[in-house]
Amino acid sequence: MKKSLLQNTPERFQLKRPFTAPHLPQRTVTVLVVSFIYVATLCLTALTATAADRNEELLALLASVEASYAKVEDYSTRFLKQERVENVLLPEEAIFLKFKKPSKIYMKWINGPLKEALYIEGENNEKVVAHKDGTGLSLTWNLSPTGSTLLAGNRHPITDIGFGFIVNLMRTIIPMAVEHREIEIIRLNDAPFKGRPAIVLEVRLTPKEGRKYYAAHIICYIDKEYLLPVGITTYDEKEVLLEDYSYTDVKINSGLTDMDFSKENPDYDF
């Protein structure tokens, strides 16, 4: 008859009696349980306090950005944009942008056929003066900023552009998400952006009770010198890229004049 496994095990490794957990007095067990709950409560309190502190830091940063943008009268910049339109990620575009408050906009595409757009709030019947060269023709139109022609291949009308657009976007999203505890701050620290010192703000938003946010995942870069949002990237809840905008070679309050926003400007081709 074969020996059992235990019989084949060297005697020094055999259990002399079944293992049982050491008996602890009831008072000791109670003290251990209370201690565990106390430590867990401290950890939870610390985590809650840390989240609250970071939320306050985020709101303070947002207030500083709003205050900084309030001092801006005009700016020019190199605007890079890439957008997903109708589930298609379009190629990146490079645009020279001039902006003057309250809403004067001039855009000139840097690559490809000559393309320009000019919009001044309250003038030209609220129409965009749009110019484009191509197929041997040079055409200029007066078009609605929200019409199908100008919105083709774009996520936003020309009026939703620049620092003001991002500031207003964050002003709408952040306080509501903080109030309803629907925000996770992934990063809020120094990080370079396009070769300049910046602060990176990365958040994930988890709406409840029917609320909706602009995007599920947002990464925004704040230039540390200007305290302005010079970059923003957004994703949906499946981490699909929606849009990526950046502003470089920024010149703030350079004294742009009415001629910078006139189709009579000799440097323009309207």
# chains A, B, ... in the order shown; residues from 1 in each chain; ligands from 1
>>> residues_around(residues="range 256-260 of chain A", least_positions_apart="3", cutoff="8 Å", atoms="only C-alpha atoms", output="PDB file with N, CA, C and O atoms, in the first residue's frame")
ATOM      1  N   ASP A  74      -5.696  93.611 -26.924  1.00  0.00           N
ATOM      2  CA  ASP A  74      -5.527  92.996 -28.239  1.00  0.00           C
ATOM      3  C   ASP A  74      -4.349  92.040 -28.182  1.00  0.00           C
ATOM      4  O   ASP A  74      -3.543  92.076 -27.253  1.00  0.00           O
ATOM      5  N   TYR A  75      -4.271  91.176 -29.172  1.00  0.00           N
ATOM      6  CA  TYR A  75      -3.108  90.284 -29.277  1.00  0.00           C
ATOM      7  C   TYR A  75      -3.034  89.727 -30.695  1.00  0.00           C
ATOM      8  O   TYR A  75      -4.014  89.705 -31.442  1.00  0.00           O
ATOM      9  N   LYS A  98      -5.179  87.744 -35.483  1.00  0.00           N
ATOM     10  CA  LYS A  98      -5.202  89.017 -34.763  1.00  0.00           C
ATOM     11  C   LYS A  98      -6.564  89.130 -34.069  1.00  0.00           C
ATOM     12  O   LYS A  98      -7.598  88.809 -34.675  1.00  0.00           O
ATOM     13  N   LYS A 100      -8.898  91.764 -31.305  1.00  0.00           N
ATOM     14  CA  LYS A 100      -9.038  92.969 -30.494  1.00  0.00           C
ATOM     15  C   LYS A 100     -10.426  92.979 -29.874  1.00  0.00           C
ATOM     16  O   LYS A 100     -11.426  92.694 -30.555  1.00  0.00           O
ATOM     17  N   TYR A 106      -9.117  88.863 -37.263  1.00  0.00           N
ATOM     18  CA  TYR A 106      -8.537  88.674 -38.597  1.00  0.00           C
ATOM     19  C   TYR A 106      -7.750  87.374 -38.579  1.00  0.00           C
ATOM     20  O   TYR A 106      -6.954  87.115 -37.662  1.00  0.00           O
ATOM     21  N   ASN A 253      -1.269  93.156 -26.238  1.00  0.00           N
ATOM     22  CA  ASN A 253      -1.440  94.618 -26.178  1.00  0.00           C
ATOM     23  C   ASN A 253      -0.371  95.354 -26.993  1.00  0.00           C
ATOM     24  O   ASN A 253       0.321  96.251 -26.502  1.00  0.00           O
ATOM     25  N   GLU A 264      -9.494  96.945 -46.334  1.00  0.00           N
ATOM     26  CA  GLU A 264      -8.721  97.890 -47.134  1.00  0.00           C
ATOM     27  C   GLU A 264      -7.235  97.864 -46.783  1.00  0.00           C
ATOM     28  O   GLU A 264      -6.439  98.575 -47.409  1.00  0.00           O
ATOM     29  N   ASN A 265      -6.851  97.082 -45.839  1.00  0.00           N
ATOM     30  CA  ASN A 265      -5.451  96.972 -45.448  1.00  0.00           C
ATOM     31  C   ASN A 265      -4.635  96.490 -46.671  1.00  0.00           C
ATOM     32  O   ASN A 265      -4.945  95.450 -47.249  1.00  0.00           O
TER      33      ASN A 265
END
>>> residues_around(residues="Glu116 in chain A", least_positions_apart="5", cutoff="6 Å", atoms="only C-alpha atoms", output="JSON, numbers by chain")
{"A": [107, 108, 130, 131]}
>>> closest_residue(among="A:Asn55, A:Asn168, A:Asn124, A:Ser68", to="Lys263 in chain A", atoms="only C-alpha atoms")
A:Asn124
>>> closest_atom_pairs(of="range 73-161 of chain A", to="range 218-232 of chain A", cutoff="10 Å", atoms="only C-alpha atoms", output="Markdown table")
| residue | atom | partner | partner_atom | distance |
| --- | --- | --- | --- | --- |
| A:Thr77 | CA | A:Val230 | CA | 9.9 |
| A:Phe79 | CA | A:Val230 | CA | 9.4 |
| A:Leu80 | CA | A:Gly231 | CA | 9.3 |
| A:Lys81 | CA | A:Gly231 | CA | 9.8 |
>>> write_last_selection(atoms="all heavy atoms", output="CSV table (one decimal), in the first residue's frame")
chain,number,residue,atom,x,y,z
A,77,THR,N,-1.1,86.2,-32.7
A,77,THR,CA,-0.5,84.9,-32.3
A,77,THR,C,-0.6,84.0,-33.5
A,77,THR,O,-1.3,84.2,-34.5
A,77,THR,CB,-1.3,84.3,-31.2
A,77,THR,OG1,-0.8,83.0,-30.8
A,77,THR,CG2,-2.8,84.1,-31.6
A,79,PHE,N,-1.8,80.5,-34.4
A,79,PHE,CA,-2.8,79.6,-33.9
A,79,PHE,C,-2.8,78.3,-34.7
A,79,PHE,O,-2.9,78.2,-35.9
A,79,PHE,CB,-4.2,80.3,-34.1
A,79,PHE,CG,-5.4,79.4,-33.8
A,79,PHE,CD1,-5.4,78.6,-32.7
A,79,PHE,CD2,-6.5,79.5,-34.7
A,79,PHE,CE1,-6.5,77.8,-32.4
A,79,PHE,CE2,-7.6,78.7,-34.4
A,79,PHE,CZ,-7.7,77.9,-33.3
A,80,LEU,N,-2.6,77.2,-33.9
A,80,LEU,CA,-2.6,75.8,-34.5
A,80,LEU,C,-3.9,75.1,-34.0
A,80,LEU,O,-4.2,75.1,-32.8
A,80,LEU,CB,-1.4,75.1,-34.0
A,80,LEU,CG,0.0,75.6,-34.5
A,80,LEU,CD1,1.1,74.7,-33.9
A,80,LEU,CD2,0.1,75.6,-36.0
A,81,LYS,N,-4.5,74.5,-34.9
A,81,LYS,CA,-5.8,73.8,-34.5
A,81,LYS,C,-5.9,72.5,-35.3
A,81,LYS,O,-5.5,72.4,-36.5
A,81,LYS,CB,-7.0,74.7,-34.8
A,81,LYS,CG,-7.5,74.8,-36.2
A,81,LYS,CD,-8.9,75.3,-36.3
A,81,LYS,CE,-9.5,75.3,-37.7
A,81,LYS,NZ,-10.9,75.6,-37.7
>>> select_by_dssp(residues="range 128-232 of chain A", states="strand (DSSP E)", output="ChimeraX atom specification")
/A:128-134,137-143,183-190,198-205,217-223,228-232
>>> residues_around(residues="Glu237 in chain A", least_positions_apart="2", cutoff="7 Å", atoms="only C-alpha atoms", output="ChimeraX atom specification")
/A:216,235,239
>>> residues_around(residues="Leu59 in chain A", least_positions_apart="5", cutoff="10 Å", atoms="only C-alpha atoms", output="PyMOL selection string")
chain A and resi 53-54+64-65+171+174-175+178
>>> write_last_selection(atoms="all heavy atoms", output="mmCIF file, in the first residue's frame")
data_model
loop_
_atom_site.group_PDB
_atom_site.id
_atom_site.type_symbol
_atom_site.label_atom_id
_atom_site.label_comp_id
_atom_site.auth_asym_id
_atom_site.auth_seq_id
_atom_site.Cartn_x
_atom_site.Cartn_y
_atom_site.Cartn_z
ATOM 1 N N ASP A 53 -8.327 71.074 -1.106
ATOM 2 C CA ASP A 53 -7.243 72.037 -1.302
ATOM 3 C C ASP A 53 -6.923 72.208 -2.779
ATOM 4 O O ASP A 53 -6.692 73.327 -3.258
ATOM 5 C CB ASP A 53 -5.992 71.589 -0.545
ATOM 6 C CG ASP A 53 -6.164 71.687 0.967
ATOM 7 O OD1 ASP A 53 -7.100 72.385 1.406
ATOM 8 O OD2 ASP A 53 -5.377 71.058 1.692
ATOM 9 N N ARG A 54 -6.886 71.102 -3.510
ATOM 10 C CA ARG A 54 -6.578 71.175 -4.938
ATOM 11 C C ARG A 54 -7.696 71.875 -5.712
ATOM 12 O O ARG A 54 -7.441 72.610 -6.662
ATOM 13 C CB ARG A 54 -6.327 69.760 -5.489
ATOM 14 C CG ARG A 54 -4.976 69.199 -5.064
ATOM 15 C CD ARG A 54 -4.833 67.736 -5.431
ATOM 16 N NE ARG A 54 -4.778 67.519 -6.863
ATOM 17 C CZ ARG A 54 -3.692 67.693 -7.624
ATOM 18 N NH1 ARG A 54 -2.580 68.144 -7.079
ATOM 19 N NH2 ARG A 54 -3.718 67.426 -8.910
ATOM 20 N N SER A 64 -7.250 83.906 -11.418
ATOM 21 C CA SER A 64 -6.071 84.654 -11.867
ATOM 22 C C SER A 64 -6.049 84.776 -13.392
ATOM 23 O O SER A 64 -5.696 85.831 -13.939
ATOM 24 C CB SER A 64 -4.794 83.966 -11.378
ATOM 25 O OG SER A 64 -4.717 83.968 -9.973
ATOM 26 N N VAL A 65 -6.424 83.708 -14.077
ATOM 27 C CA VAL A 65 -6.465 83.736 -15.543
ATOM 28 C C VAL A 65 -7.532 84.726 -16.026
ATOM 29 O O VAL A 65 -7.295 85.501 -16.959
ATOM 30 C CB VAL A 65 -6.736 82.320 -16.094
ATOM 31 C CG1 VAL A 65 -7.025 82.369 -17.586
ATOM 32 C CG2 VAL A 65 -5.542 81.403 -15.820
ATOM 33 N N ARG A 171 -14.596 78.833 -17.276
ATOM 34 C CA ARG A 171 -15.454 79.496 -16.291
ATOM 35 C C ARG A 171 -16.797 78.777 -16.178
ATOM 36 O O ARG A 171 -17.413 78.714 -15.100
ATOM 37 C CB ARG A 171 -15.672 80.950 -16.694
ATOM 38 C CG ARG A 171 -16.526 81.743 -15.699
ATOM 39 C CD ARG A 171 -16.951 83.074 -16.279
ATOM 40 N NE ARG A 171 -15.817 83.960 -16.495
ATOM 41 C CZ ARG A 171 -15.546 84.567 -17.628
ATOM 42 N NH1 ARG A 171 -16.316 84.341 -18.692
ATOM 43 N NH2 ARG A 171 -14.520 85.376 -17.745
ATOM 44 N N ILE A 174 -15.563 74.507 -14.807
ATOM 45 C CA ILE A 174 -14.855 74.194 -13.565
ATOM 46 C C ILE A 174 -15.691 74.432 -12.307
ATOM 47 O O ILE A 174 -15.823 73.519 -11.475
ATOM 48 C CB ILE A 174 -13.518 74.963 -13.492
ATOM 49 C CG1 ILE A 174 -12.614 74.563 -14.662
ATOM 50 C CG2 ILE A 174 -12.826 74.694 -12.162
ATOM 51 C CD1 ILE A 174 -12.267 73.098 -14.720
ATOM 52 N N PRO A 175 -16.268 75.628 -12.085
ATOM 53 C CA PRO A 175 -17.017 75.822 -10.841
ATOM 54 C C PRO A 175 -18.174 74.828 -10.672
ATOM 55 O O PRO A 175 -18.422 74.343 -9.562
ATOM 56 C CB PRO A 175 -17.518 77.272 -10.969
ATOM 57 C CG PRO A 175 -16.558 77.925 -11.898
ATOM 58 C CD PRO A 175 -16.199 76.862 -12.887
ATOM 59 N N VAL A 178 -16.749 71.387 -9.719
ATOM 60 C CA VAL A 178 -16.272 71.396 -8.331
ATOM 61 C C VAL A 178 -17.460 71.351 -7.373
ATOM 62 O O VAL A 178 -17.467 70.600 -6.395
ATOM 63 C CB VAL A 178 -15.407 72.646 -8.057
ATOM 64 C CG1 VAL A 178 -15.145 72.809 -6.556
ATOM 65 C CG2 VAL A 178 -14.086 72.549 -8.817
#
>>> closest_residue(among="A:Val167, A:Ala70, A:Ile95, A:Val200", to="Gln82 in chain A", atoms="only C-alpha atoms")
A:Ile95
>>> atom_distance(atom1="CA of Asn154 in chain A", atom2="CA of Val203 in chain A")
24.6 Å
>>> atom_distance(atom1="CA of Tyr245 in chain A", atom2="CA of Glu83 in chain A")
8.5 Å
>>> atom_distance(atom1="CA of Gly255 in chain A", atom2="CA of Asp267 in chain A")
17.2 Å
>>> residues_around(residues="Val85 in chain A", least_positions_apart="6", cutoff="12 Å", atoms="only C-alpha atoms", output="list in words")
Pro91, Leu151, Ala152, Gly153, Asn154, Arg155, His156, Leu241, Leu242 and Glu243 of chain A
>>> decode(residues="range 243-254 of chain A", atoms="all heavy atoms", output="PDB file, in the first residue's frame")
ATOM      1  N   GLU A 243     -10.490  67.892 -30.086  1.00  0.00           N
ATOM      2  CA  GLU A 243      -9.863  69.092 -30.642  1.00  0.00           C
ATOM      3  C   GLU A 243      -8.564  69.386 -29.905  1.00  0.00           C
ATOM      4  O   GLU A 243      -8.387  69.014 -28.745  1.00  0.00           O
ATOM      5  CB  GLU A 243     -10.810  70.292 -30.538  1.00  0.00           C
ATOM      6  CG  GLU A 243     -11.266  70.550 -29.123  1.00  0.00           C
ATOM      7  CD  GLU A 243     -12.520  71.418 -29.052  1.00  0.00           C
ATOM      8  OE1 GLU A 243     -13.176  71.608 -30.091  1.00  0.00           O
ATOM      9  OE2 GLU A 243     -12.826  71.905 -27.953  1.00  0.00           O
ATOM     10  N   ASP A 244      -7.670  70.039 -30.610  1.00  0.00           N
ATOM     11  CA  ASP A 244      -6.376  70.412 -30.043  1.00  0.00           C
ATOM     12  C   ASP A 244      -6.024  71.798 -30.572  1.00  0.00           C
ATOM     13  O   ASP A 244      -5.874  71.983 -31.783  1.00  0.00           O
ATOM     14  CB  ASP A 244      -5.310  69.390 -30.447  1.00  0.00           C
ATOM     15  CG  ASP A 244      -3.957  69.718 -29.840  1.00  0.00           C
ATOM     16  OD1 ASP A 244      -3.910  69.998 -28.633  1.00  0.00           O
ATOM     17  OD2 ASP A 244      -2.950  69.711 -30.582  1.00  0.00           O
ATOM     18  N   TYR A 245      -5.928  72.777 -29.656  1.00  0.00           N
ATOM     19  CA  TYR A 245      -5.634  74.159 -30.025  1.00  0.00           C
ATOM     20  C   TYR A 245      -4.401  74.631 -29.280  1.00  0.00           C
ATOM     21  O   TYR A 245      -4.218  74.322 -28.094  1.00  0.00           O
ATOM     22  CB  TYR A 245      -6.802  75.087 -29.665  1.00  0.00           C
ATOM     23  CG  TYR A 245      -8.137  74.713 -30.251  1.00  0.00           C
ATOM     24  CD1 TYR A 245      -9.289  74.737 -29.476  1.00  0.00           C
ATOM     25  CD2 TYR A 245      -8.260  74.337 -31.585  1.00  0.00           C
ATOM     26  CE1 TYR A 245     -10.526  74.406 -30.007  1.00  0.00           C
ATOM     27  CE2 TYR A 245      -9.486  74.001 -32.125  1.00  0.00           C
ATOM     28  CZ  TYR A 245     -10.614  74.033 -31.335  1.00  0.00           C
ATOM     29  OH  TYR A 245     -11.833  73.694 -31.880  1.00  0.00           O
ATOM     30  N   SER A 246      -3.564  75.410 -29.960  1.00  0.00           N
ATOM     31  CA  SER A 246      -2.416  76.007 -29.280  1.00  0.00           C
ATOM     32  C   SER A 246      -2.123  77.375 -29.877  1.00  0.00           C
ATOM     33  O   SER A 246      -2.410  77.640 -31.052  1.00  0.00           O
ATOM     34  CB  SER A 246      -1.179  75.099 -29.382  1.00  0.00           C
ATOM     35  OG  SER A 246      -0.761  74.971 -30.722  1.00  0.00           O
ATOM     36  N   TYR A 247      -1.547  78.232 -29.029  1.00  0.00           N
ATOM     37  CA  TYR A 247      -1.237  79.609 -29.415  1.00  0.00           C
ATOM     38  C   TYR A 247       0.227  79.873 -29.081  1.00  0.00           C
ATOM     39  O   TYR A 247       0.634  79.759 -27.927  1.00  0.00           O
ATOM     40  CB  TYR A 247      -2.146  80.587 -28.664  1.00  0.00           C
ATOM     41  CG  TYR A 247      -3.612  80.379 -28.958  1.00  0.00           C
ATOM     42  CD1 TYR A 247      -4.367  79.470 -28.231  1.00  0.00           C
ATOM     43  CD2 TYR A 247      -4.231  81.072 -29.997  1.00  0.00           C
ATOM     44  CE1 TYR A 247      -5.713  79.269 -28.511  1.00  0.00           C
ATOM     45  CE2 TYR A 247      -5.574  80.877 -30.284  1.00  0.00           C
ATOM     46  CZ  TYR A 247      -6.312  79.970 -29.538  1.00  0.00           C
ATOM     47  OH  TYR A 247      -7.635  79.768 -29.820  1.00  0.00           O
ATOM     48  N   THR A 248       1.004  80.210 -30.099  1.00  0.00           N
ATOM     49  CA  THR A 248       2.420  80.488 -29.909  1.00  0.00           C
ATOM     50  C   THR A 248       2.760  81.860 -30.502  1.00  0.00           C
ATOM     51  O   THR A 248       1.937  82.471 -31.183  1.00  0.00           O
ATOM     52  CB  THR A 248       3.280  79.399 -30.580  1.00  0.00           C
ATOM     53  OG1 THR A 248       3.006  79.386 -31.993  1.00  0.00           O
ATOM     54  CG2 THR A 248       2.990  78.025 -30.001  1.00  0.00           C
ATOM     55  N   ASP A 249       3.995  82.309 -30.243  1.00  0.00           N
ATOM     56  CA  ASP A 249       4.446  83.626 -30.732  1.00  0.00           C
ATOM     57  C   ASP A 249       3.438  84.716 -30.367  1.00  0.00           C
ATOM     58  O   ASP A 249       3.046  85.542 -31.197  1.00  0.00           O
ATOM     59  CB  ASP A 249       4.662  83.604 -32.253  1.00  0.00           C
ATOM     60  CG  ASP A 249       5.674  82.554 -32.676  1.00  0.00           C
ATOM     61  OD1 ASP A 249       6.614  82.315 -31.912  1.00  0.00           O
ATOM     62  OD2 ASP A 249       5.509  81.969 -33.763  1.00  0.00           O
ATOM     63  N   VAL A 250       3.009  84.690 -29.121  1.00  0.00           N
ATOM     64  CA  VAL A 250       1.958  85.599 -28.661  1.00  0.00           C
ATOM     65  C   VAL A 250       2.527  86.995 -28.407  1.00  0.00           C
ATOM     66  O   VAL A 250       3.579  87.147 -27.780  1.00  0.00           O
ATOM     67  CB  VAL A 250       1.310  85.053 -27.371  1.00  0.00           C
ATOM     68  CG1 VAL A 250       0.240  86.028 -26.864  1.00  0.00           C
ATOM     69  CG2 VAL A 250       0.709  83.671 -27.613  1.00  0.00           C
ATOM     70  N   LYS A 251       1.810  87.996 -28.873  1.00  0.00           N
ATOM     71  CA  LYS A 251       2.145  89.399 -28.595  1.00  0.00           C
ATOM     72  C   LYS A 251       0.902  90.054 -28.006  1.00  0.00           C
ATOM     73  O   LYS A 251      -0.135  90.162 -28.678  1.00  0.00           O
ATOM     74  CB  LYS A 251       2.601  90.117 -29.861  1.00  0.00           C
ATOM     75  CG  LYS A 251       3.918  89.600 -30.421  1.00  0.00           C
ATOM     76  CD  LYS A 251       4.308  90.342 -31.691  1.00  0.00           C
ATOM     77  CE  LYS A 251       5.681  89.881 -32.201  1.00  0.00           C
ATOM     78  NZ  LYS A 251       5.704  88.452 -32.521  1.00  0.00           N
ATOM     79  N   ILE A 252       1.015  90.486 -26.749  1.00  0.00           N
ATOM     80  CA  ILE A 252      -0.124  91.023 -26.015  1.00  0.00           C
ATOM     81  C   ILE A 252      -0.104  92.552 -26.044  1.00  0.00           C
ATOM     82  O   ILE A 252       0.945  93.176 -25.853  1.00  0.00           O
ATOM     83  CB  ILE A 252      -0.107  90.543 -24.552  1.00  0.00           C
ATOM     84  CG1 ILE A 252      -0.093  89.006 -24.491  1.00  0.00           C
ATOM     85  CG2 ILE A 252      -1.296  91.098 -23.769  1.00  0.00           C
ATOM     86  CD1 ILE A 252      -1.351  88.355 -24.961  1.00  0.00           C
ATOM     87  N   ASN A 253      -1.269  93.156 -26.238  1.00  0.00           N
ATOM     88  CA  ASN A 253      -1.440  94.618 -26.178  1.00  0.00           C
ATOM     89  C   ASN A 253      -0.371  95.354 -26.993  1.00  0.00           C
ATOM     90  O   ASN A 253       0.321  96.251 -26.502  1.00  0.00           O
ATOM     91  CB  ASN A 253      -1.415  95.095 -24.719  1.00  0.00           C
ATOM     92  CG  ASN A 253      -2.626  94.604 -23.941  1.00  0.00           C
ATOM     93  OD1 ASN A 253      -3.662  94.295 -24.510  1.00  0.00           O
ATOM     94  ND2 ASN A 253      -2.495  94.533 -22.624  1.00  0.00           N
ATOM     95  N   SER A 254      -0.281  94.948 -28.248  1.00  0.00           N
ATOM     96  CA  SER A 254       0.712  95.564 -29.139  1.00  0.00           C
ATOM     97  C   SER A 254       0.165  96.802 -29.845  1.00  0.00           C
ATOM     98  O   SER A 254       0.863  97.410 -30.658  1.00  0.00           O
ATOM     99  CB  SER A 254       1.179  94.545 -30.180  1.00  0.00           C
ATOM    100  OG  SER A 254       0.083  94.049 -30.921  1.00  0.00           O
TER     101      SER A 254
END
